[in-house]
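Here the structure is laid out as structure tokens; the discussion comes afterwards.
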Number of protein chains: 2
Amino acid sequence: MPKPPKMADIAKAVGVSLMTVSRAFRQDTSVGEETRKKILMIAEEMGYVFDSTASNLRSQRTGFVAVTIPSLNNSNFADTVRGLNEVVQVAGLQVLLGYTNYDVDEEERLIEQLLRRRPEAMVVTGGRHTDRARRLLEGAGIPVIETWDIPQSPVGYTVGFSNADAMGRMVEHLQSAGARRLVFIGGDDEGDTRGADRRKGFVAAAERLGLDYQLISVGPPPVAIREGTRAMAGVLDAGKQIDAVACVSDLAAFGALTECQRRGVSVPDELMIAGFGAYDIAEASLPGLTTMDAHSLTIGCKAGELLVALLRDGGDTATAQTMAHIEPALRISGSTVSR
Amino acid sequence: MPKPPKMADIAKAVGVSLMTVSRAFRQDTSVGEETRKKILMIAEEMGYVFDSTASNLRSQRTGFVAVTIPSLNNSNFADTVRGLNEVVQVAGLQVLLGYTNYDVDEEERLIEQLLRRRPEAMVVTGGRHTDRARRLLEGAGIPVIETWDIPQSPVGYTVGFSNADAMGRMVEHLQSAGARRLVFIGGDDEGDTRGADRRKGFVAAAERLGLDYQLISVGPPPVAIREGTRAMAGVLDAGKQIDAVACVSDLAAFGALTECQRRGVSVPDELMIAGFGAYDIAEASLPGLTTMDAHSLTIGCKAGELLVALLRDGGDTATAQTMAHIEPALRISGSTVSR
DNA sequence: ATACGGGATGTTAACGATACAAATCGGGGA
DNA sequence: TCCCCGATTTGTATCGTTAACATCCCGTAT
């Protein structure tokens, strides 16, 4: 098999210099209309495919945006990545995605792995990192955006909200709907700071409002439908009288809901159920799930826009605010309020 | 800000040659135990981060695996990517993901975009491509794997199944469960060959078995919960007597199911509903959804294993079969059979 | 003692594009 | 007619790493 052609080969074939070919492949540089057309035509004929690896090295620009998320499945992060992707791809950037599996050590490995690729910006989920990960991020010399959290001491930029406050508002809603004895269903806190914050917010609000409460942990995140079902079964088996269940995610809430239905427990009349995240299923289930819309997609879009602006201005960071707050919205539906 | 250190700087600091540093960062090359330890220590101290862009260029290896999928949201492909990712990442490969949005022209653009990054292998969803896309894939000189389909004339390797046959089996199941008048709910075929094949399989089986049927299209894919709800509403409004609804995906089936429940139509007694894809929701809903498990995760894993093997052997393709068939499994549940 | 082998290290020249600076070419104004 | 200007094109060095080959050192077989 013959070696694939490179720019020099095109140049020879067309009868121009290497540099002219190079510029013909870029948008804005000055090349004669004729020349460019000819070059592109011959390149296509010869089956030339531009080699970014060389370009990346020489220009010191990769067009990569590195993104770390805990998990793609059973989580809102997929939406965030989608929003981010849509925004950055029109700017000619390519997302490099990595999964931390809710583990900060894994995150550290991942961040180092990704930084080797010389991304031009880094978007991470959450604000808790190992010391080394922090050092790596700070030393990388690229914009860093932390999402889904409001860290106490951010590394760089932030696009997020307070998970604790959001869950607190949910508890307030449950109280105002008449609930006095609550249960929180969530995953292990280990590594999932968002889940942990929601639990903390739940506890804080419940105590502030003088409500009776109990916490249930179902194991490592992500907390999906199955876990919600199991936890609900446990709660109902225990036989303790309760009024409302707040779940760390809509998936768990949906699992809890179906378990109730399976056992003939009427929702919301006998028991209210609340979720988190505004998944599609919250709207579709019967009854609909009351949930907290964290605007996952918007978080991604905002992060993307911020990042594109930062990269365009070339470090002229004055234009952008350091901390974007995306206020979650309470969506009340049939699982906590009779219709 | 001082420029980030490179290998040469480490070399100087440690007092060895550049090459020794380079070797120290790789696994298998011969470097003295002492020397390596010292190099790694000083590198860490100096905050050195390996630069793959240079390595990629010189070694002509990127460690990238390019993957194109129609959509990450509301689809099985997320699982396939997850499986693929898990397998290839232990081999030190990084997935480069792109979304075609169920459009072959978009796919062509994407494939070219991705090939510029010089991936070492390419995994695409489906077997239909533009001529140019095909040419690009064939000329890239890397292993190409088509998934989720069995193309008539594959570009390279295949990991998939016959969507038509799978849906045919579903129709057989519905018939044997007593259904005679069927409805198929799917998206526009435009670009979604998998959906189109399922519809074809539905039609073929229905005609073969002498069943009455009707086809409903709900617009461009992905076909999610909302679309299922809407389509079901349309069917019920039409008032025509039917026995079973087969959906192109579990999400649509779930939407259809909840719409029935909203209207008091008993499933499966008055109407059977079948989905496709074995999403979590199929198991969790009440009643459970009868579905066709296409083994999305397995498809990804198999593709990953194949690809890792191909890359290790360095083109010694004799070891691997060209076409891996992953037989879907029918999962019968409460939405088509009374329990 | 000499030759030999193999592990550890060093030297040089790429990989394929782009930054930067310099050269070429017409054409309009003095 | 000559010079200068902008548009277009060219030449050369270089991005940071690794392949390929050369060298050195030391223990062991002969």
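Each chain in the structure tokens gets a letter, A, B, ..., in the order shown, and its residues are numbered from 1; ligands are numbered from 1 in order too.
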(message) Among stretch 88-204 of chain A, which ones does DSSP assign to alpha helix (DSSP H) (computed from the backbone)? Answer as a PyMOL selection string.
(response) chain A and resi 88-90+104-116+131-139+163-176+193-204
(message) According to DSSP computed on the backbone, where in stretch 35-189 of chain B is there strand (DSSP E)? Give the residues as a PyMOL selection string.
(response) chain B and resi 64-69+94-99+121-125+144-147+157-160+181-186
Could the residues in this selection be saved with N, CA and C atoms as a PDB file, in the first residue's frame?
```pdb
ATOM      1  N   PHE B  64      -5.876   7.000  19.456  1.00  0.00           N
ATOM      2  CA  PHE B  64      -7.279   7.383  19.327  1.00  0.00           C
ATOM      3  C   PHE B  64      -8.086   6.286  18.643  1.00  0.00           C
ATOM      4  N   VAL B  65      -9.294   6.118  19.121  1.00  0.00           N
ATOM      5  CA  VAL B  65     -10.275   5.307  18.417  1.00  0.00           C
ATOM      6  C   VAL B  65     -11.456   6.218  18.130  1.00  0.00           C
ATOM      7  N   ALA B  66     -11.730   6.445  16.871  1.00  0.00           N
ATOM      8  CA  ALA B  66     -12.836   7.335  16.512  1.00  0.00           C
ATOM      9  C   ALA B  66     -14.139   6.553  16.475  1.00  0.00           C
ATOM     10  N   VAL B  67     -15.158   7.140  17.025  1.00  0.00           N
ATOM     11  CA  VAL B  67     -16.463   6.486  17.091  1.00  0.00           C
ATOM     12  C   VAL B  67     -17.546   7.458  16.656  1.00  0.00           C
ATOM     13  N   THR B  68     -18.392   7.036  15.746  1.00  0.00           N
ATOM     14  CA  THR B  68     -19.534   7.892  15.395  1.00  0.00           C
ATOM     15  C   THR B  68     -20.815   7.179  15.777  1.00  0.00           C
ATOM     16  N   ILE B  69     -21.679   7.890  16.453  1.00  0.00           N
ATOM     17  CA  ILE B  69     -22.997   7.346  16.774  1.00  0.00           C
ATOM     18  C   ILE B  69     -24.037   8.394  16.401  1.00  0.00           C
ATOM     19  N   GLN B  94      -7.904   6.034  23.625  1.00  0.00           N
ATOM     20  CA  GLN B  94      -8.837   7.091  24.004  1.00  0.00           C
ATOM     21  C   GLN B  94      -9.917   7.209  22.924  1.00  0.00           C
ATOM     22  N   VAL B  95     -11.158   7.206  23.352  1.00  0.00           N
ATOM     23  CA  VAL B  95     -12.258   7.303  22.388  1.00  0.00           C
ATOM     24  C   VAL B  95     -12.477   8.750  21.966  1.00  0.00           C
ATOM     25  N   LEU B  96     -12.602   8.938  20.675  1.00  0.00           N
ATOM     26  CA  LEU B  96     -12.982  10.232  20.107  1.00  0.00           C
ATOM     27  C   LEU B  96     -14.399  10.081  19.587  1.00  0.00           C
ATOM     28  N   LEU B  97     -15.326  10.780  20.217  1.00  0.00           N
ATOM     29  CA  LEU B  97     -16.722  10.537  19.917  1.00  0.00           C
ATOM     30  C   LEU B  97     -17.311  11.642  19.060  1.00  0.00           C
ATOM     31  N   GLY B  98     -18.151  11.257  18.112  1.00  0.00           N
ATOM     32  CA  GLY B  98     -18.844  12.245  17.293  1.00  0.00           C
ATOM     33  C   GLY B  98     -20.285  11.824  17.052  1.00  0.00           C
ATOM     34  N   TYR B  99     -21.160  12.803  16.885  1.00  0.00           N
ATOM     35  CA  TYR B  99     -22.578  12.528  16.710  1.00  0.00           C
ATOM     36  C   TYR B  99     -23.033  12.895  15.308  1.00  0.00           C
ATOM     37  N   ALA B 121      -8.237   3.398  14.670  1.00  0.00           N
ATOM     38  CA  ALA B 121      -9.347   2.559  14.241  1.00  0.00           C
ATOM     39  C   ALA B 121     -10.598   3.412  14.252  1.00  0.00           C
ATOM     40  N   MET B 122     -11.606   2.936  13.538  1.00  0.00           N
ATOM     41  CA  MET B 122     -12.836   3.713  13.443  1.00  0.00           C
ATOM     42  C   MET B 122     -14.024   2.788  13.648  1.00  0.00           C
ATOM     43  N   VAL B 123     -14.918   3.204  14.512  1.00  0.00           N
ATOM     44  CA  VAL B 123     -16.138   2.435  14.747  1.00  0.00           C
ATOM     45  C   VAL B 123     -17.328   3.294  14.347  1.00  0.00           C
ATOM     46  N   VAL B 124     -18.103   2.836  13.415  1.00  0.00           N
ATOM     47  CA  VAL B 124     -19.267   3.610  12.984  1.00  0.00           C
ATOM     48  C   VAL B 124     -20.544   2.826  13.253  1.00  0.00           C
ATOM     49  N   THR B 125     -21.623   3.562  13.393  1.00  0.00           N
ATOM     50  CA  THR B 125     -22.913   2.919  13.611  1.00  0.00           C
ATOM     51  C   THR B 125     -23.632   2.826  12.277  1.00  0.00           C
ATOM     52  N   VAL B 144     -11.841  -0.664  10.248  1.00  0.00           N
ATOM     53  CA  VAL B 144     -13.148  -0.015  10.345  1.00  0.00           C
ATOM     54  C   VAL B 144     -14.159  -1.054  10.818  1.00  0.00           C
ATOM     55  N   ILE B 145     -14.931  -0.689  11.821  1.00  0.00           N
ATOM     56  CA  ILE B 145     -15.961  -1.603  12.317  1.00  0.00           C
ATOM     57  C   ILE B 145     -17.326  -0.945  12.206  1.00  0.00           C
ATOM     58  N   GLU B 146     -18.232  -1.623  11.530  1.00  0.00           N
ATOM     59  CA  GLU B 146     -19.605  -1.134  11.460  1.00  0.00           C
ATOM     60  C   GLU B 146     -20.444  -1.904  12.474  1.00  0.00           C
ATOM     61  N   THR B 147     -21.243  -1.182  13.243  1.00  0.00           N
ATOM     62  CA  THR B 147     -21.997  -1.839  14.302  1.00  0.00           C
ATOM     63  C   THR B 147     -23.499  -1.649  14.137  1.00  0.00           C
ATOM     64  N   TYR B 157     -14.985  -4.595   9.182  1.00  0.00           N
ATOM     65  CA  TYR B 157     -15.538  -5.575  10.101  1.00  0.00           C
ATOM     66  C   TYR B 157     -16.949  -5.177  10.496  1.00  0.00           C
ATOM     67  N   THR B 158     -17.674  -6.128  11.017  1.00  0.00           N
ATOM     68  CA  THR B 158     -19.057  -5.883  11.414  1.00  0.00           C
ATOM     69  C   THR B 158     -19.333  -6.521  12.766  1.00  0.00           C
ATOM     70  N   VAL B 159     -19.984  -5.779  13.634  1.00  0.00           N
ATOM     71  CA  VAL B 159     -20.495  -6.338  14.878  1.00  0.00           C
ATOM     72  C   VAL B 159     -21.947  -5.902  14.972  1.00  0.00           C
ATOM     73  N   GLY B 160     -22.864  -6.800  14.700  1.00  0.00           N
ATOM     74  CA  GLY B 160     -24.249  -6.371  14.709  1.00  0.00           C
ATOM     75  C   GLY B 160     -25.226  -7.508  14.547  1.00  0.00           C
ATOM     76  N   ARG B 181     -54.312  -7.606  14.919  1.00  0.00           N
ATOM     77  CA  ARG B 181     -54.282  -6.280  14.304  1.00  0.00           C
ATOM     78  C   ARG B 181     -53.190  -5.465  14.981  1.00  0.00           C
ATOM     79  N   LEU B 182     -52.146  -5.171  14.238  1.00  0.00           N
ATOM     80  CA  LEU B 182     -50.958  -4.556  14.828  1.00  0.00           C
ATOM     81  C   LEU B 182     -50.730  -3.124  14.347  1.00  0.00           C
ATOM     82  N   VAL B 183     -50.003  -2.384  15.180  1.00  0.00           N
ATOM     83  CA  VAL B 183     -49.551  -1.045  14.809  1.00  0.00           C
ATOM     84  C   VAL B 183     -48.053  -0.960  15.070  1.00  0.00           C
ATOM     85  N   PHE B 184     -47.339  -0.315  14.158  1.00  0.00           N
ATOM     86  CA  PHE B 184     -45.910  -0.087  14.375  1.00  0.00           C
ATOM     87  C   PHE B 184     -45.681   1.408  14.575  1.00  0.00           C
ATOM     88  N   ILE B 185     -45.030   1.752  15.662  1.00  0.00           N
ATOM     89  CA  ILE B 185     -44.696   3.154  15.912  1.00  0.00           C
ATOM     90  C   ILE B 185     -43.197   3.335  15.755  1.00  0.00           C
ATOM     91  N   GLY B 186     -42.804   4.167  14.826  1.00  0.00           N
ATOM     92  CA  GLY B 186     -41.377   4.406  14.588  1.00  0.00           C
ATOM     93  C   GLY B 186     -41.137   5.826  14.129  1.00  0.00           C
TER      94      GLY B 186
END
```
(message) Env of C:DA23: 10 Å cut, atoms = only C-alpha atoms (C1' of nucleotides), seq-sep filter 5 positions within chain, self excluded. Answer as an MDAnalysis selection string.
(response) chainID D and resid 9:11
(message) Show me, as number ranges by chain, the residues that have an atom within 8 Å of stretch 230-232 of chain A when counting only C-alpha atoms (C1' of nucleotides), minus same-chain residues fewer than 3 positions from it.
(response) A: 185, 216, 218, 226-227, 235-236, 255-256, 259-260
(request) For chain D, report every residue with an atom at most 12 Å from chain A (counting only C-alpha atoms (C1' of nucleotides)), formatted as a list in words. (result) DG6, DA7, DT8, DT9, DT10, DG11, DT12, DA13, DT14, DC15, DG16 and DT17 of chain D
What does the file look like for those residues with N, CA and C atoms (P, O5', C5', C4', C3', O3' and C1' of nucleotides), as a tab-separated table (two decimals), in the first residue's frame?
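What follows is the written file out35.tsv:
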```tsv
chain	number	residue	atom	x	y	z
D	6	DG	P	-0.24	49.23	1.58
D	6	DG	O5'	-1.19	48.08	1.03
D	6	DG	C5'	-2.11	48.35	-0.01
D	6	DG	C4'	-2.32	47.08	-0.81
D	6	DG	C3'	-2.63	45.86	0.05
D	6	DG	O3'	-3.72	45.17	-0.53
D	6	DG	C1'	-0.79	45.40	-1.36
D	7	DA	P	-4.50	44.01	0.23
D	7	DA	O5'	-4.38	42.83	-0.82
D	7	DA	C5'	-4.56	43.11	-2.20
D	7	DA	C4'	-3.95	41.97	-3.00
D	7	DA	C3'	-4.24	40.59	-2.41
D	7	DA	O3'	-4.64	39.73	-3.45
D	7	DA	C1'	-1.92	40.87	-2.71
D	8	DT	P	-5.10	38.19	-3.15
D	8	DT	O5'	-3.74	37.38	-3.38
D	8	DT	C5'	-3.21	37.30	-4.70
D	8	DT	C4'	-1.84	36.68	-4.66
D	8	DT	C3'	-1.77	35.23	-4.17
D	8	DT	O3'	-1.45	34.41	-5.28
D	8	DT	C1'	0.04	36.54	-3.36
D	9	DT	P	-1.33	32.82	-5.10
D	9	DT	O5'	0.19	32.64	-4.70
D	9	DT	C5'	1.21	33.04	-5.62
D	9	DT	C4'	2.57	32.91	-4.97
D	9	DT	C3'	2.90	31.52	-4.42
D	9	DT	O3'	3.91	30.93	-5.24
D	9	DT	C1'	3.63	33.26	-2.96
D	10	DT	P	4.43	29.47	-4.89
D	10	DT	O5'	5.74	29.80	-4.06
D	10	DT	C5'	6.76	30.62	-4.62
D	10	DT	C4'	7.86	30.84	-3.61
D	10	DT	C3'	8.45	29.56	-3.00
D	10	DT	O3'	9.83	29.52	-3.28
D	10	DT	C1'	7.99	31.17	-1.33
D	11	DG	P	10.65	28.19	-2.98
D	11	DG	O5'	11.42	28.59	-1.62
D	11	DG	C5'	11.99	29.89	-1.50
D	11	DG	C4'	12.83	29.98	-0.23
D	11	DG	C3'	13.48	28.68	0.23
D	11	DG	O3'	14.76	29.01	0.78
D	11	DG	C1'	11.95	29.45	1.90
D	12	DT	P	15.71	27.90	1.35
D	12	DT	O5'	15.40	27.98	2.91
D	12	DT	C5'	15.44	29.26	3.51
D	12	DT	C4'	15.23	29.12	5.01
D	12	DT	C3'	15.81	27.85	5.65
D	12	DT	O3'	16.41	28.24	6.86
D	12	DT	C1'	13.52	28.02	6.19
D	13	DA	P	17.30	27.20	7.68
D	13	DA	O5'	16.64	27.36	9.12
D	13	DA	C5'	16.24	28.65	9.55
D	13	DA	C4'	15.23	28.53	10.67
D	13	DA	C3'	15.60	27.51	11.75
D	13	DA	O3'	15.28	28.09	13.00
D	13	DA	C1'	13.48	26.96	10.86
D	14	DT	P	15.63	27.27	14.32
D	14	DT	O5'	14.21	26.60	14.67
D	14	DT	C5'	13.08	27.43	14.83
D	14	DT	C4'	11.86	26.58	15.11
D	14	DT	C3'	12.09	25.45	16.13
D	14	DT	O3'	11.17	25.64	17.18
D	14	DT	C1'	10.92	24.67	14.22
D	15	DC	P	11.50	25.02	18.61
D	15	DC	O5'	10.08	24.45	19.06
D	15	DC	C5'	8.88	25.20	18.95
D	15	DC	C4'	7.71	24.25	18.84
D	15	DC	C3'	7.88	23.01	19.70
D	15	DC	O3'	7.16	23.19	20.91
D	15	DC	C1'	7.16	22.46	17.45
D	16	DG	P	8.01	22.99	22.29
D	16	DG	O5'	8.07	21.40	22.48
D	16	DG	C5'	6.84	20.70	22.69
D	16	DG	C4'	7.10	19.22	22.56
D	16	DG	C3'	8.15	18.66	23.52
D	16	DG	O3'	7.63	17.46	24.06
D	16	DG	C1'	8.68	18.07	21.31
D	17	DT	P	8.37	16.59	25.14
D	17	DT	O5'	8.55	15.22	24.33
D	17	DT	C5'	7.41	14.48	23.96
D	17	DT	C4'	7.68	13.68	22.71
D	17	DT	C3'	8.53	12.43	22.91
D	17	DT	O3'	7.65	11.29	23.01
D	17	DT	C1'	9.06	13.61	20.87
```
(message) Taking only C-alpha atoms (C1' of nucleotides) into account, find every residue of chain C that has an atom no more than 12 Å from chain B, and write it out as a ChimeraX atom specification.
(response) /C:6-17
Output N, CA and C atoms (P, O5', C5', C4', C3', O3' and C1' of nucleotides) of each residue in that selection to a file, as an mmCIF file, in the first residue's frame.
```cif
data_model
loop_
_atom_site.group_PDB
_atom_site.id
_atom_site.type_symbol
_atom_site.label_atom_id
_atom_site.label_comp_id
_atom_site.auth_asym_id
_atom_site.auth_seq_id
_atom_site.Cartn_x
_atom_site.Cartn_y
_atom_site.Cartn_z
ATOM 1 P P DG C 6 22.973 -11.793 24.061
ATOM 2 O "O5'" DG C 6 22.351 -10.860 25.169
ATOM 3 C "C5'" DG C 6 22.807 -10.952 26.524
ATOM 4 C "C4'" DG C 6 22.798 -9.573 27.137
ATOM 5 C "C3'" DG C 6 21.640 -8.695 26.648
ATOM 6 O "O3'" DG C 6 21.114 -8.013 27.758
ATOM 7 C "C1'" DG C 6 23.662 -7.559 26.430
ATOM 8 P P DG C 7 19.550 -7.743 27.862
ATOM 9 O "O5'" DG C 7 19.543 -6.640 29.003
ATOM 10 C "C5'" DG C 7 20.348 -6.840 30.172
ATOM 11 C "C4'" DG C 7 20.959 -5.525 30.580
ATOM 12 C "C3'" DG C 7 19.978 -4.355 30.552
ATOM 13 O "O3'" DG C 7 20.148 -3.601 31.743
ATOM 14 C "C1'" DG C 7 21.893 -3.832 29.258
ATOM 15 P P DA C 8 19.130 -2.425 32.084
ATOM 16 O "O5'" DA C 8 20.016 -1.165 31.688
ATOM 17 C "C5'" DA C 8 21.145 -0.832 32.500
ATOM 18 C "C4'" DA C 8 21.850 0.349 31.901
ATOM 19 C "C3'" DA C 8 20.986 1.608 31.740
ATOM 20 O "O3'" DA C 8 21.637 2.679 32.401
ATOM 21 C "C1'" DA C 8 22.137 1.112 29.727
ATOM 22 P P DT C 9 20.915 4.109 32.443
ATOM 23 O "O5'" DT C 9 21.505 4.786 31.144
ATOM 24 C "C5'" DT C 9 22.856 5.226 31.138
ATOM 25 C "C4'" DT C 9 23.244 5.722 29.772
ATOM 26 C "C3'" DT C 9 22.540 6.986 29.294
ATOM 27 O "O3'" DT C 9 23.462 8.062 29.374
ATOM 28 C "C1'" DT C 9 22.853 5.403 27.542
ATOM 29 P P DG C 10 23.040 9.517 28.909
ATOM 30 O "O5'" DG C 10 23.584 9.512 27.401
ATOM 31 C "C5'" DG C 10 24.967 9.279 27.160
ATOM 32 C "C4'" DG C 10 25.286 9.422 25.677
ATOM 33 C "C3'" DG C 10 24.770 10.716 25.023
ATOM 34 O "O3'" DG C 10 25.795 11.276 24.209
ATOM 35 C "C1'" DG C 10 23.949 8.834 23.827
ATOM 36 P P DT C 11 25.600 12.733 23.564
ATOM 37 O "O5'" DT C 11 25.294 12.415 22.046
ATOM 38 C "C5'" DT C 11 26.080 11.447 21.340
ATOM 39 C "C4'" DT C 11 25.731 11.452 19.862
ATOM 40 C "C3'" DT C 11 25.232 12.783 19.295
ATOM 41 O "O3'" DT C 11 25.831 12.976 18.017
ATOM 42 C "C1'" DT C 11 23.586 11.095 18.951
ATOM 43 P P DT C 12 25.568 14.317 17.194
ATOM 44 O "O5'" DT C 12 24.438 13.843 16.185
ATOM 45 C "C5'" DT C 12 24.634 12.625 15.478
ATOM 46 C "C4'" DT C 12 23.486 12.378 14.520
ATOM 47 C "C3'" DT C 12 22.885 13.637 13.887
ATOM 48 O "O3'" DT C 12 22.754 13.393 12.499
ATOM 49 C "C1'" DT C 12 21.182 12.352 14.909
ATOM 50 P P DA C 13 22.218 14.540 11.525
ATOM 51 O "O5'" DA C 13 20.800 13.907 11.130
ATOM 52 C "C5'" DA C 13 20.766 12.532 10.721
ATOM 53 C "C4'" DA C 13 19.326 12.063 10.625
ATOM 54 C "C3'" DA C 13 18.421 12.985 9.800
ATOM 55 O "O3'" DA C 13 17.509 12.149 9.100
ATOM 56 C "C1'" DA C 13 17.535 12.789 11.953
ATOM 57 P P DA C 14 16.704 12.746 7.854
ATOM 58 O "O5'" DA C 14 15.730 13.780 8.560
ATOM 59 C "C5'" DA C 14 14.340 13.796 8.244
ATOM 60 C "C4'" DA C 14 13.648 12.634 8.919
ATOM 61 C "C3'" DA C 14 12.154 12.872 9.008
ATOM 62 O "O3'" DA C 14 11.456 11.764 8.498
ATOM 63 C "C1'" DA C 14 13.097 12.692 11.207
ATOM 64 P P DC C 15 10.242 12.040 7.500
ATOM 65 O "O5'" DC C 15 8.880 11.776 8.274
ATOM 66 C "C5'" DC C 15 8.658 10.796 9.262
ATOM 67 C "C4'" DC C 15 7.592 11.295 10.209
ATOM 68 C "C3'" DC C 15 6.656 12.329 9.608
ATOM 69 O "O3'" DC C 15 5.468 11.672 9.180
ATOM 70 C "C1'" DC C 15 7.405 12.955 11.832
ATOM 71 P P DG C 16 4.971 11.895 7.640
ATOM 72 O "O5'" DG C 16 4.255 13.314 7.675
ATOM 73 C "C5'" DG C 16 3.067 13.482 8.440
ATOM 74 C "C4'" DG C 16 2.806 14.957 8.624
ATOM 75 C "C3'" DG C 16 2.645 15.758 7.325
ATOM 76 O "O3'" DG C 16 1.511 16.586 7.480
ATOM 77 C "C1'" DG C 16 4.176 16.815 8.728
ATOM 78 P P DA C 17 0.784 17.310 6.260
ATOM 79 O "O5'" DA C 17 0.720 18.841 6.718
ATOM 80 C "C5'" DA C 17 -0.239 19.269 7.651
ATOM 81 C "C4'" DA C 17 0.393 20.099 8.750
ATOM 82 C "C3'" DA C 17 0.464 21.597 8.471
ATOM 83 O "O3'" DA C 17 -0.682 22.211 9.031
ATOM 84 C "C1'" DA C 17 2.488 20.754 9.487
#
```
(request) Identify all chain B residues at most 7 Å from chain A by counting only C-alpha atoms; ligands do not count. Present them as a list in words. (result)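 On the chain B side, the interface is Val49, Phe50, Asp51, Ser52, Thr53, Ala54, Asn56, Leu57, Leu96, Arg116, Arg117, Arg118, Ile225, Gly255, Thr258, Ala284, Ser285 and Leu286 of chain B.
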(request) Fewer than 3 positions away in the same chain doesn't count, so skip those; otherwise give me all residues within 12 Å of B:Gly178, counting only C-alpha atoms (C1' of nucleotides), as number ranges by chain. (result) B: 171-175, 181-182, 211, 242-244, 268-272, 336-338
(message) When you look at C:DC4 with a cut-off of 12 Å (counting only C-alpha atoms (C1' of nucleotides)), what residues show up, excluding the ones that are within fewer than 4 positions of it in the same chain? I need them as a count of residues only.
(response) 5
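In this comparison, which uses only C-alpha atoms (C1' of nucleotides), the residue of C:DA30, C:DA19, C:DT24, C:DA3 approaching D:DC3 most closely is C:DA30.
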(message) I want to know what sits within 8 Å of stretch 203-209 of chain B, based on only C-alpha atoms (C1' of nucleotides), with residues of the same chain fewer than 2 positions away left out; could you give that as a list in words?
(response) Gly168, Arg169, Val171, Glu172, Arg199, Lys200, Gly201, Leu211, Asp212 and Tyr213 of chain B
